[in-house]
Every structure is written in structure tokens, then in C-alpha cells.
Amino acid sequence: MVTPRRPHLARFQAFDLLATLLAVVDHQGIVLFANAALEDATGLSWRSIEGTSLLNWFADAATLRGALDGVRENRFATLRFDAQLRRPSSGESLSMHVIVTQTDRPGELIVELLPLEQQARQEREERLATQTRANKELFHNLAHEIKNPLGGIRGAAQLLQMEIDSPELHEYTQVIIHESDRLQALVDRLLAPHRYVPVVGDVNIHHVCERVRSLILAEFAHGLEVVRDYDTSIPEFRGDEERLIQAVLNIAHNAAHALVMRRERGDARIILRTRVARQITFARQRYRLALELHVIDNGPGVPESIKDRVFNPLVSCRDGGTGLGLTLAQTYVQQHHGLIELDSQPGHTDFKILIPLP
């Protein structure tokens, strides 16, 4: 049994497990309990927070006071509003979505504080998870609707080729066979991530980065620099190394292609950067430690027209691209309980891979 940090507030102990910033206050806004996430966000200990007025943290204290009164008087069961929160330790202003609800005791209220940036991020993650599930269903449907007819078309073309003598007509049947094989390979690539059984072992992320670096420099030998920026203290974790190599390679390969103009000038650069993130929340879970692997390039950036759809299948801004590289990369990273985020503007594109660490 875990001993509560504050035995007299043991009934609030479960709130320390939440990623949401949360305070329990009385009807005047005096903080009775602050959870661990609120301590992390403010840079203050619970001893410094509890007993102070939460109203002093808000740029517009009247709005919070009205919300507390409205919920306490049962005019509202729950009240939500957006507000500016001043970080007490630094005076920094944070945009928050605030939720006020009652507890089971009169005059005692719960105030949840959700950073608007975090809320937007959670919404993006939910859309991504929904899209991934939809993609998986789409790919399975493609297997049934495309593969069987393709096999029949290819077989008919082979039989037709055996029956005709004209070399000119053989050229047409070869086109049918070649295009059938190309479409078959495309469908197989779409289905591959969901069929393959991962080979789990100890993964050193810097072995992954070095393998990707070697492959990229072998293919793009001139005008491109691949910079190492590693935190060598990052521990090994359990995962499928080959899948992670493929995920990072797909991102770096896209970056190298986007740098075509800079490669011609000789100043193209890709940075492989590893860091440890602490007390980070993604995919609606809070992790004590997580790997941050950045693949950064100094190319033209991802076009605004596809930035929100860049992980969707068959979306590409490159001539001849299949639009599968980033889709597969995201799938492989999600299979490690992680995700990939994108930050892009002209001259700086950053694909950030987040994976929980033990």
C-alpha cells in the first residue's frame, strides 16, 4: 500500500496520477489540494501552493470567482471557460481551458486546468488515432477489392500473350502484366505494417540513427551533411529495431529529397537529435521519461496545403512519391506506443518521434 504524501488528504491521492493540472479549492478559492501535475507545471511544491488563493493566479480573477459561485450554488453542474493563468514562479502567462466542478462535500470544488496547447495536441492525437484505425480498415478492404481482380487480370494477360504471335501485341500484354505487378506491390506495402509480427529486443536509439545516417549518406553522397546531436545517456528500451530504422529512414529520406536545391548548392543539412523528455503527456498518457528523436532539415518546409494530412496514405508533395513513407513511419512508431509530431516552416522542418522509456 502506498502512503499518501498528505495523509489528511488521502481521499485526493488518485489525483496525483492524472496528467491534468488539478486543484481542490474551497468556496473562496483557497487551495486545499494541488496534484503532482500542477506542481510540475508551476514549478512550486504543494506546500507552496496549498493555503494560497487560486484567484491570485488568474489575470481575470472575477471570472473564476463567478464560476466558483455558480457551481457552488448549483446554478451549474460544471462550468468551462478559457483564461490566462500567471505562473507564480516566473510571471509567465499560460492560456488555459478551465473546468470547475463540485466534489461530494459542500463548499469544496475541483478546478481542472488544461493548457490550450495541450488540448489542441490531444485533439490532433485523437484525430491521428482515428485516422490510423480508418487506414487499417481501408487497407484490409483494399486487399479484398483489388488483389483478387488483379490476379485475374494478370493471368488473363499471360494467357493472351501465349495465344498471339505479334511482337507488337506482346508489348501491350507486358504493360498489363507490369502494371498489375506494380499495383500488387503497392497494396502489399499498404498491408505490410498490419501483417508483420514485431521482433522485440533491446534497442539502442543511436544504433538506429547511425544506420539511417549511413544509408542516407550512401544514397545522397554530395552536398548533404547529416549532423549527429546525441544524448548518449538515453537508456535502451524494448522494441523492434528494424521497424524503427525504417521509420526514421522514411523521414530522413523524405528530407533528403526535399533538400534537392540545397544539395546542389552544397549546404543541405539534416540533424539527428536525441533527447530525454521528462514528465511528458502524449496519447492521453503521462510518462516519467520519453525518448525525443528529432529529424530536422533546412529545406523549404512542408506545404501548408498538406501539412495536416502529411501522415495520411497516398499524400505526397514529391513527383514520383507514393505517399506511404510517413504513413508507415507513423504506424511503426505507434506500435511502440509513441507518435510522430511535425513542426515545419521554410528553412526548418522538424519531425519529432516520441517513444516512452522504461
# chains A, B, ... in the order shown; residues from 1 in each chain; ligands from 1

$ residues_around --residues "region 340-344 of chain A" --least-positions-apart "6" --cutoff "12 Å" --atoms "only C-alpha atoms" --output "PyMOL selection string"
chain A and resi 121-122+124-125+128-129+244+247-248+251+255+282-283+291-304+306-311+326-334+350-355

$ write_last_selection --atoms "N, CA and C atoms" --output "tab-separated table (two decimals), in the first residue's frame"
chain	number	residue	atom	x	y	z
A	121	ARG	N	-3.24	19.63	-28.85
A	121	ARG	CA	-2.40	18.47	-29.15
A	121	ARG	C	-3.18	17.18	-28.95
A	122	GLN	N	-3.95	17.10	-27.88
A	122	GLN	CA	-4.75	15.91	-27.64
A	122	GLN	C	-5.76	15.70	-28.76
A	124	ARG	N	-5.37	16.64	-31.85
A	124	ARG	CA	-4.62	16.15	-33.01
A	124	ARG	C	-4.31	14.67	-32.85
A	125	GLU	N	-3.92	14.27	-31.63
A	125	GLU	CA	-3.59	12.87	-31.39
A	125	GLU	C	-4.82	11.98	-31.57
A	128	LEU	N	-5.43	11.61	-35.19
A	128	LEU	CA	-4.45	10.69	-35.76
A	128	LEU	C	-4.80	9.25	-35.45
A	129	ALA	N	-5.20	8.97	-34.20
A	129	ALA	CA	-5.58	7.60	-33.83
A	129	ALA	C	-6.79	7.14	-34.63
A	244	LEU	N	12.00	0.53	-36.37
A	244	LEU	CA	12.37	1.89	-36.03
A	244	LEU	C	13.37	2.45	-37.03
A	247	ALA	N	11.31	3.49	-39.92
A	247	ALA	CA	10.54	4.71	-39.64
A	247	ALA	C	11.41	5.95	-39.77
A	248	VAL	N	12.58	5.93	-39.12
A	248	VAL	CA	13.48	7.09	-39.17
A	248	VAL	C	14.02	7.28	-40.59
A	251	ILE	N	11.56	9.10	-42.86
A	251	ILE	CA	11.52	10.54	-42.60
A	251	ILE	C	12.77	11.21	-43.18
A	255	ALA	N	13.30	13.98	-46.22
A	255	ALA	CA	14.03	15.23	-46.01
A	255	ALA	C	15.12	15.41	-47.06
A	282	PHE	N	1.51	12.43	-23.78
A	282	PHE	CA	1.07	12.28	-25.16
A	282	PHE	C	0.24	11.02	-25.26
A	283	ALA	N	-0.60	10.99	-26.28
A	283	ALA	CA	-1.55	9.89	-26.45
A	283	ALA	C	-2.38	9.68	-25.18
A	291	LEU	N	11.65	9.16	-24.98
A	291	LEU	CA	12.65	9.50	-25.99
A	291	LEU	C	12.08	10.57	-26.92
A	292	GLU	N	12.89	11.59	-27.18
A	292	GLU	CA	12.60	12.55	-28.24
A	292	GLU	C	13.68	12.39	-29.31
A	293	LEU	N	13.29	11.93	-30.48
A	293	LEU	CA	14.21	11.83	-31.61
A	293	LEU	C	13.74	12.81	-32.68
A	294	HIS	N	14.56	13.81	-32.95
A	294	HIS	CA	14.23	14.84	-33.94
A	294	HIS	C	14.98	14.55	-35.24
A	295	VAL	N	14.27	14.63	-36.35
A	295	VAL	CA	14.89	14.63	-37.68
A	295	VAL	C	14.60	16.00	-38.27
A	296	ILE	N	15.63	16.84	-38.31
A	296	ILE	CA	15.47	18.25	-38.67
A	296	ILE	C	16.20	18.52	-39.98
A	297	ASP	N	15.55	19.23	-40.88
A	297	ASP	CA	16.23	19.62	-42.12
A	297	ASP	C	16.04	21.10	-42.39
A	298	ASN	N	16.92	21.66	-43.23
A	298	ASN	CA	16.84	23.08	-43.57
A	298	ASN	C	16.28	23.30	-44.97
A	299	GLY	N	15.31	22.45	-45.32
A	299	GLY	CA	14.68	22.54	-46.63
A	299	GLY	C	13.55	23.56	-46.68
A	300	PRO	N	12.74	23.50	-47.74
A	300	PRO	CA	11.70	24.51	-47.96
A	300	PRO	C	10.49	24.37	-47.04
A	301	GLY	N	10.39	23.28	-46.30
A	301	GLY	CA	9.24	23.08	-45.43
A	301	GLY	C	8.13	22.30	-46.11
A	302	VAL	N	7.23	21.77	-45.30
A	302	VAL	CA	6.08	21.02	-45.81
A	302	VAL	C	5.02	22.02	-46.27
A	303	PRO	N	4.49	21.88	-47.49
A	303	PRO	CA	3.47	22.82	-47.97
A	303	PRO	C	2.27	22.88	-47.03
A	304	GLU	N	1.75	24.08	-46.81
A	304	GLU	CA	0.59	24.26	-45.93
A	304	GLU	C	-0.60	23.43	-46.39
A	306	ILE	N	-0.82	20.46	-47.39
A	306	ILE	CA	-0.83	19.05	-46.98
A	306	ILE	C	-0.33	18.85	-45.56
A	307	LYS	N	0.01	19.93	-44.84
A	307	LYS	CA	0.63	19.79	-43.53
A	307	LYS	C	-0.25	18.99	-42.57
A	308	ASP	N	-1.56	19.21	-42.61
A	308	ASP	CA	-2.47	18.49	-41.71
A	308	ASP	C	-2.74	17.07	-42.16
A	309	ARG	N	-2.34	16.73	-43.40
A	309	ARG	CA	-2.65	15.40	-43.94
A	309	ARG	C	-1.39	14.61	-44.26
A	310	VAL	N	-0.24	15.09	-43.79
A	310	VAL	CA	1.02	14.53	-44.26
A	310	VAL	C	1.21	13.07	-43.86
A	311	PHE	N	0.54	12.62	-42.78
A	311	PHE	CA	0.65	11.22	-42.36
A	311	PHE	C	-0.43	10.33	-42.97
A	326	LEU	N	5.65	8.32	-44.78
A	326	LEU	CA	5.31	8.86	-43.47
A	326	LEU	C	4.16	8.09	-42.82
A	327	THR	N	3.26	7.56	-43.63
A	327	THR	CA	2.18	6.72	-43.09
A	327	THR	C	2.77	5.50	-42.39
A	328	LEU	N	3.72	4.85	-43.06
A	328	LEU	CA	4.36	3.67	-42.46
A	328	LEU	C	5.18	4.05	-41.24
A	329	ALA	N	5.89	5.18	-41.31
A	329	ALA	CA	6.69	5.63	-40.17
A	329	ALA	C	5.80	5.84	-38.95
A	330	GLN	N	4.67	6.53	-39.13
A	330	GLN	CA	3.77	6.77	-38.01
A	330	GLN	C	3.23	5.45	-37.45
A	331	THR	N	2.89	4.53	-38.33
A	331	THR	CA	2.38	3.23	-37.89
A	331	THR	C	3.42	2.48	-37.06
A	332	TYR	N	4.67	2.46	-37.54
A	332	TYR	CA	5.73	1.74	-36.81
A	332	TYR	C	5.98	2.37	-35.44
A	333	VAL	N	5.95	3.69	-35.36
A	333	VAL	CA	6.18	4.37	-34.08
A	333	VAL	C	5.00	4.13	-33.14
A	334	GLN	N	3.78	4.17	-33.67
A	334	GLN	CA	2.61	3.89	-32.83
A	334	GLN	C	2.65	2.48	-32.27
A	350	ASP	N	10.92	19.92	-38.64
A	350	ASP	CA	11.29	19.05	-37.51
A	350	ASP	C	10.23	17.98	-37.34
A	351	PHE	N	10.59	16.73	-37.65
A	351	PHE	CA	9.75	15.58	-37.33
A	351	PHE	C	10.26	15.03	-35.99
A	352	LYS	N	9.40	15.07	-34.97
A	352	LYS	CA	9.78	14.63	-33.62
A	352	LYS	C	9.10	13.31	-33.31
A	353	ILE	N	9.92	12.29	-33.05
A	353	ILE	CA	9.43	10.97	-32.65
A	353	ILE	C	9.47	10.89	-31.13
A	354	LEU	N	8.33	10.53	-30.53
A	354	LEU	CA	8.21	10.37	-29.08
A	354	LEU	C	7.91	8.91	-28.77
A	355	ILE	N	8.74	8.29	-27.92
A	355	ILE	CA	8.54	6.90	-27.53
A	355	ILE	C	8.79	6.79	-26.02

$ select_by_dssp --residues "region 137-281 of chain A" --states "helix (DSSP H, G or I)" --output "MDAnalysis selection string"
chainID A and resid 137:163 167:195 205:219 241:258 260:265

$ residues_around --residues "Phe58 (chain A)" --least-positions-apart "2" --cutoff "8 Å" --atoms "only C-alpha atoms" --output "NGL selection string"
:A and (54-56 or 60-61 or 64 or 83-86)

$ atom_distance --atom1 "CA of His27 (chain A)" --atom2 "CA of Ala59 (chain A)"
19.1 Å

$ atom_distance --atom1 "CA of Gln345 (chain A)" --atom2 "CA of Ala218 (chain A)"
27.3 Å

$ closest_residue --among "A:Ile110, A:Val100, A:Val200, A:Ala277" --to "Phe12 (chain A)" --atoms "only C-alpha atoms"
A:Ile110

$ atom_distance --atom1 "CA of Tyr172 (chain A)" --atom2 "CA of Arg154 (chain A)"
12.1 Å
